[in-house]
>>> print(open('run.cif').read())   # mmCIF, C-alpha atoms
data_start
#
loop_
_atom_site.group_PDB
_atom_site.id
_atom_site.type_symbol
_atom_site.label_atom_id
_atom_site.label_comp_id
_atom_site.auth_asym_id
_atom_site.auth_seq_id
_atom_site.Cartn_x
_atom_site.Cartn_y
_atom_site.Cartn_z
ATOM 1 C CA MET A 1 -5.234 4.020 -14.685
ATOM 2 C CA ASP A 2 -2.578 5.816 -12.662
ATOM 3 C CA PHE A 3 1.227 5.771 -12.640
ATOM 4 C CA GLU A 4 3.711 6.724 -9.921
ATOM 5 C CA THR A 5 7.231 7.791 -10.842
ATOM 6 C CA VAL A 6 10.478 9.206 -9.512
ATOM 7 C CA ASN A 7 12.821 11.464 -11.478
ATOM 8 C CA PRO A 8 16.364 10.955 -10.175
ATOM 9 C CA ALA A 9 19.045 13.501 -11.032
ATOM 10 C CA ILE A 10 21.516 10.693 -11.616
ATOM 11 C CA PRO A 11 20.233 8.246 -14.257
ATOM 12 C CA ARG A 12 19.655 4.938 -12.565
ATOM 13 C CA PHE A 13 19.331 2.548 -15.497
ATOM 14 C CA SER A 14 20.522 2.161 -19.080
ATOM 15 C CA GLY A 15 19.001 4.618 -21.550
ATOM 16 C CA MET A 16 17.896 7.113 -18.912
ATOM 17 C CA ARG A 17 18.896 10.785 -18.783
ATOM 18 C CA PRO A 18 19.043 13.053 -15.717
ATOM 19 C CA PHE A 19 15.578 13.706 -14.301
ATOM 20 C CA ASP A 20 13.804 11.186 -16.586
ATOM 21 C CA GLN A 21 10.597 9.940 -14.981
ATOM 22 C CA LEU A 22 11.120 6.333 -13.887
ATOM 23 C CA PRO A 23 7.772 4.533 -13.468
ATOM 24 C CA PHE A 24 7.741 2.187 -10.495
ATOM 25 C CA GLN A 25 4.021 1.630 -9.802
ATOM 26 C CA TRP A 26 0.712 1.459 -11.579
ATOM 27 C CA SER A 27 -2.882 0.928 -10.516
ATOM 28 C CA VAL A 28 -5.807 0.001 -12.761
ATOM 29 C CA ASP A 29 -9.466 -0.408 -11.897
ATOM 30 C CA VAL A 30 -11.341 -2.221 -14.669
ATOM 31 C CA GLN A 31 -15.020 -1.387 -14.784
ATOM 32 C CA ARG A 32 -16.827 -3.662 -17.232
ATOM 33 C CA GLU A 33 -20.228 -1.955 -16.915
ATOM 34 C CA PRO A 34 -20.989 1.689 -15.994
ATOM 35 C CA ARG A 35 -22.295 0.958 -12.484
ATOM 36 C CA SER A 36 -20.423 -2.249 -11.712
ATOM 37 C CA GLU A 37 -17.787 -2.532 -9.017
ATOM 38 C CA PRO A 38 -14.302 -2.294 -10.460
ATOM 39 C CA GLU A 39 -11.763 -5.109 -10.586
ATOM 40 C CA HIS A 40 -8.507 -3.835 -9.107
ATOM 41 C CA HIS A 41 -5.073 -4.618 -10.592
ATOM 42 C CA GLU A 42 -1.734 -3.225 -9.445
ATOM 43 C CA PHE A 43 2.015 -3.371 -9.830
ATOM 44 C CA LEU A 44 4.713 -2.096 -7.489
ATOM 45 C CA ALA A 45 8.444 -2.626 -7.964
ATOM 46 C CA THR A 46 9.771 -3.620 -4.539
ATOM 47 C CA ASP A 47 13.509 -3.919 -5.073
ATOM 48 C CA GLY A 48 16.349 -2.009 -6.725
ATOM 49 C CA ARG A 49 16.204 -3.799 -10.077
ATOM 50 C CA ASP A 50 15.152 -1.912 -13.213
ATOM 51 C CA PRO A 51 11.325 -1.965 -13.061
ATOM 52 C CA ARG A 52 10.562 -0.752 -16.597
ATOM 53 C CA SER A 53 10.149 -4.062 -18.429
ATOM 54 C CA GLU A 54 8.025 -5.683 -15.722
ATOM 55 C CA PHE A 55 6.032 -2.450 -15.343
ATOM 56 C CA ILE A 56 4.955 -2.340 -18.998
ATOM 57 C CA SER A 57 4.574 -6.103 -19.408
ATOM 58 C CA SER A 58 2.236 -6.417 -16.434
ATOM 59 C CA LEU A 59 0.346 -3.258 -17.436
ATOM 60 C CA CYS A 60 -0.305 -4.546 -20.953
ATOM 61 C CA ASP A 61 -1.549 -7.844 -19.516
ATOM 62 C CA ALA A 62 -3.965 -6.055 -17.174
ATOM 63 C CA LEU A 63 -5.363 -3.662 -19.795
ATOM 64 C CA GLY A 64 -6.240 -6.120 -22.527
ATOM 65 C CA GLU A 65 -6.992 -4.972 -26.062
ATOM 66 C CA SER A 66 -10.115 -2.810 -25.794
ATOM 67 C CA GLY A 67 -11.866 -0.162 -23.756
ATOM 68 C CA ASN A 68 -11.101 3.408 -22.750
ATOM 69 C CA LEU A 69 -8.209 4.017 -20.379
ATOM 70 C CA VAL A 70 -9.403 6.784 -18.097
ATOM 71 C CA VAL A 71 -6.579 8.873 -16.651
ATOM 72 C CA TYR A 72 -6.351 12.196 -14.852
ATOM 73 C CA ASN A 73 -3.861 14.216 -16.904
ATOM 74 C CA GLN A 74 -3.433 12.299 -20.141
ATOM 75 C CA GLN A 75 -0.215 14.105 -21.011
ATOM 76 C CA PHE A 76 1.597 12.581 -18.025
ATOM 77 C CA GLU A 77 0.592 8.951 -18.601
ATOM 78 C CA SER A 78 1.003 9.236 -22.379
ATOM 79 C CA GLN A 79 4.535 10.621 -22.014
ATOM 80 C CA ARG A 80 5.482 7.853 -19.577
ATOM 81 C CA LEU A 81 4.204 5.321 -22.117
ATOM 82 C CA SER A 82 6.273 7.007 -24.845
ATOM 83 C CA ASP A 83 9.342 6.799 -22.609
ATOM 84 C CA LEU A 84 8.684 3.108 -22.045
ATOM 85 C CA ALA A 85 8.334 2.526 -25.812
ATOM 86 C CA VAL A 86 11.893 3.827 -26.222
ATOM 87 C CA TRP A 87 13.306 1.971 -23.228
ATOM 88 C CA VAL A 88 11.504 -1.325 -23.871
ATOM 89 C CA PRO A 89 11.087 -1.269 -27.686
ATOM 90 C CA GLU A 90 9.561 -4.741 -27.920
ATOM 91 C CA PHE A 91 6.425 -3.163 -26.405
ATOM 92 C CA ALA A 92 6.355 -0.104 -28.695
ATOM 93 C CA ALA A 93 3.478 -1.328 -30.909
ATOM 94 C CA ARG A 94 1.342 -2.318 -27.911
ATOM 95 C CA ILE A 95 2.114 0.996 -26.216
ATOM 96 C CA LYS A 96 0.922 2.973 -29.258
ATOM 97 C CA LYS A 97 -2.386 1.088 -29.091
ATOM 98 C CA LEU A 98 -2.694 1.911 -25.377
ATOM 99 C CA GLN A 99 -2.034 5.590 -26.056
ATOM 100 C CA ARG A 100 -4.883 5.712 -28.576
ATOM 101 C CA ARG A 101 -7.231 4.429 -25.846
ATOM 102 C CA LEU A 102 -6.369 7.146 -23.283
ATOM 103 C CA TRP A 103 -9.282 9.320 -22.153
ATOM 104 C CA ASP A 104 -8.552 12.352 -19.967
ATOM 105 C CA LEU A 105 -10.982 12.947 -17.099
ATOM 106 C CA LEU A 106 -9.061 16.097 -16.110
ATOM 107 C CA ALA A 107 -10.032 17.753 -19.408
ATOM 108 C CA VAL A 108 -13.705 16.909 -18.819
ATOM 109 C CA VAL A 109 -13.667 18.286 -15.266
ATOM 110 C CA ARG A 110 -11.680 21.405 -16.225
ATOM 111 C CA ASN A 111 -14.022 22.227 -19.136
ATOM 112 C CA HIS A 112 -17.384 21.308 -17.624
ATOM 113 C CA VAL A 113 -17.304 21.232 -13.820
ATOM 114 C CA TYR A 114 -16.716 23.827 -11.143
ATOM 115 C CA HIS A 115 -17.162 23.713 -7.391
ATOM 116 C CA PRO A 116 -16.078 26.388 -4.890
ATOM 117 C CA ALA A 117 -14.355 23.689 -2.815
ATOM 118 C CA PHE A 118 -11.864 23.181 -5.676
ATOM 119 C CA GLY A 119 -10.223 26.339 -4.351
ATOM 120 C CA GLY A 120 -9.136 27.265 -7.874
ATOM 121 C CA SER A 121 -7.352 23.934 -8.418
ATOM 122 C CA TYR A 122 -8.322 21.093 -10.715
ATOM 123 C CA SER A 123 -5.910 18.610 -9.149
ATOM 124 C CA LEU A 124 -7.417 15.280 -8.221
ATOM 125 C CA LYS A 125 -6.657 16.029 -4.559
ATOM 126 C CA ALA A 126 -8.897 19.142 -4.755
ATOM 127 C CA VAL A 127 -11.636 17.784 -7.020
ATOM 128 C CA LEU A 128 -12.210 14.426 -5.305
ATOM 129 C CA PRO A 129 -13.291 15.610 -1.836
ATOM 130 C CA ALA A 130 -15.462 18.335 -3.379
ATOM 131 C CA LEU A 131 -17.399 15.961 -5.631
ATOM 132 C CA VAL A 132 -17.028 12.680 -3.729
ATOM 133 C CA PRO A 133 -16.859 13.822 -0.076
ATOM 134 C CA GLU A 134 -16.695 10.282 1.301
ATOM 135 C CA MET A 135 -13.250 9.908 -0.325
ATOM 136 C CA THR A 136 -10.252 11.915 0.801
ATOM 137 C CA TYR A 137 -6.480 11.730 0.926
ATOM 138 C CA GLU A 138 -6.366 13.245 4.404
ATOM 139 C CA GLY A 139 -4.804 10.956 6.960
ATOM 140 C CA MET A 140 -3.146 8.689 4.391
ATOM 141 C CA ALA A 141 0.497 7.903 5.201
ATOM 142 C CA VAL A 142 1.268 8.477 1.501
ATOM 143 C CA GLY A 143 -1.014 11.225 0.263
ATOM 144 C CA ASN A 144 0.567 12.608 -2.927
ATOM 145 C CA GLY A 145 2.983 11.751 -5.713
ATOM 146 C CA LYS A 146 6.012 13.320 -4.059
ATOM 147 C CA GLU A 147 5.422 11.306 -0.885
ATOM 148 C CA ALA A 148 4.973 8.187 -3.029
ATOM 149 C CA GLY A 149 8.346 8.737 -4.667
ATOM 150 C CA LEU A 150 10.073 9.255 -1.330
ATOM 151 C CA ALA A 151 8.390 6.172 0.139
ATOM 152 C CA TRP A 152 9.424 4.069 -2.853
ATOM 153 C CA GLU A 153 13.029 5.270 -2.607
ATOM 154 C CA SER A 154 13.128 4.197 1.039
ATOM 155 C CA LEU A 155 11.560 0.847 0.115
ATOM 156 C CA VAL A 156 14.094 -0.044 -2.564
ATOM 157 C CA ARG A 157 17.200 1.712 -1.243
ATOM 158 C CA GLY A 158 16.758 1.718 2.508
ATOM 159 C CA ASN A 159 18.050 -0.735 5.065
ATOM 160 C CA LEU A 160 14.634 -1.729 6.425
ATOM 161 C CA ASP A 161 13.369 -4.732 8.320
ATOM 162 C CA GLN A 162 10.568 -6.774 6.788
ATOM 163 C CA SER A 163 7.772 -5.197 8.836
ATOM 164 C CA GLU A 164 8.854 -1.706 7.740
ATOM 165 C CA ARG A 165 9.090 -2.837 4.105
ATOM 166 C CA ASP A 166 5.586 -4.330 4.339
ATOM 167 C CA ARG A 167 4.207 -1.125 5.883
ATOM 168 C CA ILE A 168 5.659 1.079 3.133
ATOM 169 C CA LYS A 169 4.530 -1.310 0.416
ATOM 170 C CA ASN A 170 0.966 -1.300 1.774
ATOM 171 C CA GLU A 171 0.960 2.506 2.035
ATOM 172 C CA LEU A 172 2.085 2.842 -1.592
ATOM 173 C CA LEU A 173 -0.512 0.363 -2.819
ATOM 174 C CA ALA A 174 -3.237 2.150 -0.844
ATOM 175 C CA TYR A 175 -2.292 5.539 -2.294
ATOM 176 C CA CYS A 176 -2.106 4.521 -5.957
ATOM 177 C CA GLY A 177 -5.248 2.404 -5.540
ATOM 178 C CA GLN A 178 -7.030 5.448 -4.089
ATOM 179 C CA ASP A 179 -6.165 7.398 -7.250
ATOM 180 C CA THR A 180 -7.781 4.877 -9.588
ATOM 181 C CA LEU A 181 -10.797 4.285 -7.358
ATOM 182 C CA ALA A 182 -11.178 8.070 -7.262
ATOM 183 C CA LEU A 183 -11.492 8.100 -11.057
ATOM 184 C CA VAL A 184 -14.192 5.423 -10.921
ATOM 185 C CA ARG A 185 -16.139 7.366 -8.276
ATOM 186 C CA LEU A 186 -15.752 10.699 -10.110
ATOM 187 C CA LEU A 187 -17.033 9.139 -13.325
ATOM 188 C CA GLY A 188 -20.009 7.735 -11.433
ATOM 189 C CA LYS A 189 -20.750 11.136 -9.890
ATOM 190 C CA LEU A 190 -20.520 12.894 -13.259
ATOM 191 C CA ARG A 191 -22.790 10.287 -14.878
ATOM 192 C CA LEU A 192 -25.420 10.902 -12.194
ATOM 193 C CA ALA A 193 -25.127 14.678 -12.610
ATOM 194 C CA SER A 194 -25.614 14.451 -16.392
ATOM 195 C CA ALA A 195 -28.557 12.023 -16.205
#
>>> encode(input="run.cif", output="structure tokens")
Amino acid sequence: MDFETVNPAIPRFSGMRPFDQLPFQWSVDVQREPRSEPEHHEFLATDGRDPRSEFISSLCDALGESGNLVVYNQQFESQRLSDLAVWVPEFAARIKKLQRRLWDLLAVVRNHVYHPAFGGSYSLKAVLPALVPEMTYEGMAVGNGKEAGLAWESLVRGNLDQSERDRIKNELLAYCGQDTLALVRLLGKLRLASA
């Protein structure tokens, strides 16, 4: 599971404070068996309306009631879920259940894996190409969270024609989808290494 957010200086919607993280996109790859191909699910807000309610509603639907939720930096996703519990209180009980299911792959990598190609960084962008060389963010039109936020801002606030909107939407979906597929591939690599 992966979230993308922006943190506007001027609060955009009710209940927000300056620089609150506003979630606008999520990606989830559901893997039912350890070596099975994942089922991909995604959400991207594509207009200027408040995305928070639809974000959490669609996420809860995709995640179901059981199974670990693998993330890369549990603190970030857990805090975004806590924010959503305040903003969309009718989901607070479901959000608490989701938070109990979070499992942090970053902590596993940081505590048990090292590769010189990490270059001293444990970010997903450094770890992925070192351990799963066939996957990289190089050459992607949106290749990091900051670029995702800027692309989303142009999507929802820009005066774009439909082909430009479609291009940006596809680039955002590809980037966030790459993050969750990266987690699936890293888990597979670590399972093989521990076998």
>>> residues_around(input="run.cif", residues="Glu134 in chain A", least_positions_apart="6", cutoff="12 Å", atoms="all atoms listed in the file", output="VMD selection string")
chain A and resid 128 182 185 to 186 189
>>> closest_residue(input="run.cif", among="A:Met135, A:Val113, A:Leu22, A:Val30", to="Arg52 in chain A", atoms="all atoms listed in the file")
A:Leu22
>>> atom_distance(input="run.cif", atom1="CA of Leu69 in chain A", atom2="CA of Val6 in chain A")
22.2 Å
>>> closest_residue(input="run.cif", among="A:Val109, A:Val70, A:Val132, A:Ala9", to="Ser27 in chain A", atoms="all atoms listed in the file")
A:Val70
>>> resolve_selection(input="run.cif", expression="the PyMOL selection byres ((chain A and resi 42) around 9)", output="NGL selection string")
:A and (25-29 or 40-41 or 43-44 or 58-59 or 62 or 173 or 176-177)
>>> resolve_selection(input="run.cif", expression="the PyMOL selection byres ((chain A and resi 169) around 10)", output="count of residues only")
17
>>> resolve_selection(input="run.cif", expression="the PyMOL selection byres ((chain A and resi 94-107) around 7)", output="short mmCIF file (atom, residue, chain, number, x, y, z; two decimals) with C-alpha atoms, in the coordinates of the input")
data_model
loop_
_atom_site.label_atom_id
_atom_site.label_comp_id
_atom_site.auth_asym_id
_atom_site.auth_seq_id
_atom_site.Cartn_x
_atom_site.Cartn_y
_atom_site.Cartn_z
CA GLY A 67 -11.87 -0.16 -23.76
CA ASN A 68 -11.10 3.41 -22.75
CA LEU A 69 -8.21 4.02 -20.38
CA VAL A 70 -9.40 6.78 -18.10
CA VAL A 71 -6.58 8.87 -16.65
CA TYR A 72 -6.35 12.20 -14.85
CA ASN A 73 -3.86 14.22 -16.90
CA GLN A 74 -3.43 12.30 -20.14
CA SER A 78 1.00 9.24 -22.38
CA LEU A 81 4.20 5.32 -22.12
CA ALA A 85 8.33 2.53 -25.81
CA PHE A 91 6.42 -3.16 -26.40
CA ALA A 92 6.36 -0.10 -28.70
CA ALA A 93 3.48 -1.33 -30.91
CA VAL A 108 -13.70 16.91 -18.82
CA VAL A 109 -13.67 18.29 -15.27
CA ARG A 110 -11.68 21.40 -16.23
CA ASN A 111 -14.02 22.23 -19.14
#
>>> atom_distance(input="run.cif", atom1="CA of Gly158 in chain A", atom2="CA of Ser53 in chain A")
22.7 Å
>>> atom_distance(input="run.cif", atom1="CA of Ile56 in chain A", atom2="CA of Thr5 in chain A")
13.2 Å
>>> closest_residue(input="run.cif", among="A:Leu160, A:Arg35, A:Gln21, A:Asp2", to="Arg191 in chain A", atoms="all atoms listed in the file")
A:Arg35
>>> closest_residue(input="run.cif", among="A:Leu131, A:Met1, A:Ala148, A:Ala117", to="Phe76 in chain A", atoms="all atoms listed in the file")
A:Met1
>>> closest_residue(input="run.cif", among="A:Val127, A:Glu65, A:Asn7, A:Glu77", to="Leu190 in chain A", atoms="all atoms listed in the file")
A:Val127
>>> axis_aligned_box(input="run.cif", around="range 7-18 of chain A", padding_each_side="3 Å", output="AutoDock Vina command-line options")
--center_x 17.2 --center_y 7.8 --center_z -15.9 --size_x 14.7 --size_y 17.3 --size_z 17.4
>>> closest_residue(input="run.cif", among="A:Val142, A:Leu192, A:Leu84, A:Val184", to="Arg32 in chain A", atoms="all atoms listed in the file")
A:Val184
>>> residues_around(input="run.cif", residues="Gly143 in chain A", least_positions_apart="6", cutoff="9 Å", atoms="all atoms listed in the file", output="PDB file with C-alpha atoms, in the coordinates of the input")
ATOM      1  CA  LYS A 125      -6.657  16.029  -4.559  1.00  0.00           C
ATOM      2  CA  TYR A 137      -6.480  11.730   0.926  1.00  0.00           C
ATOM      3  CA  TYR A 175      -2.292   5.539  -2.294  1.00  0.00           C
TER       4      TYR A 175
END
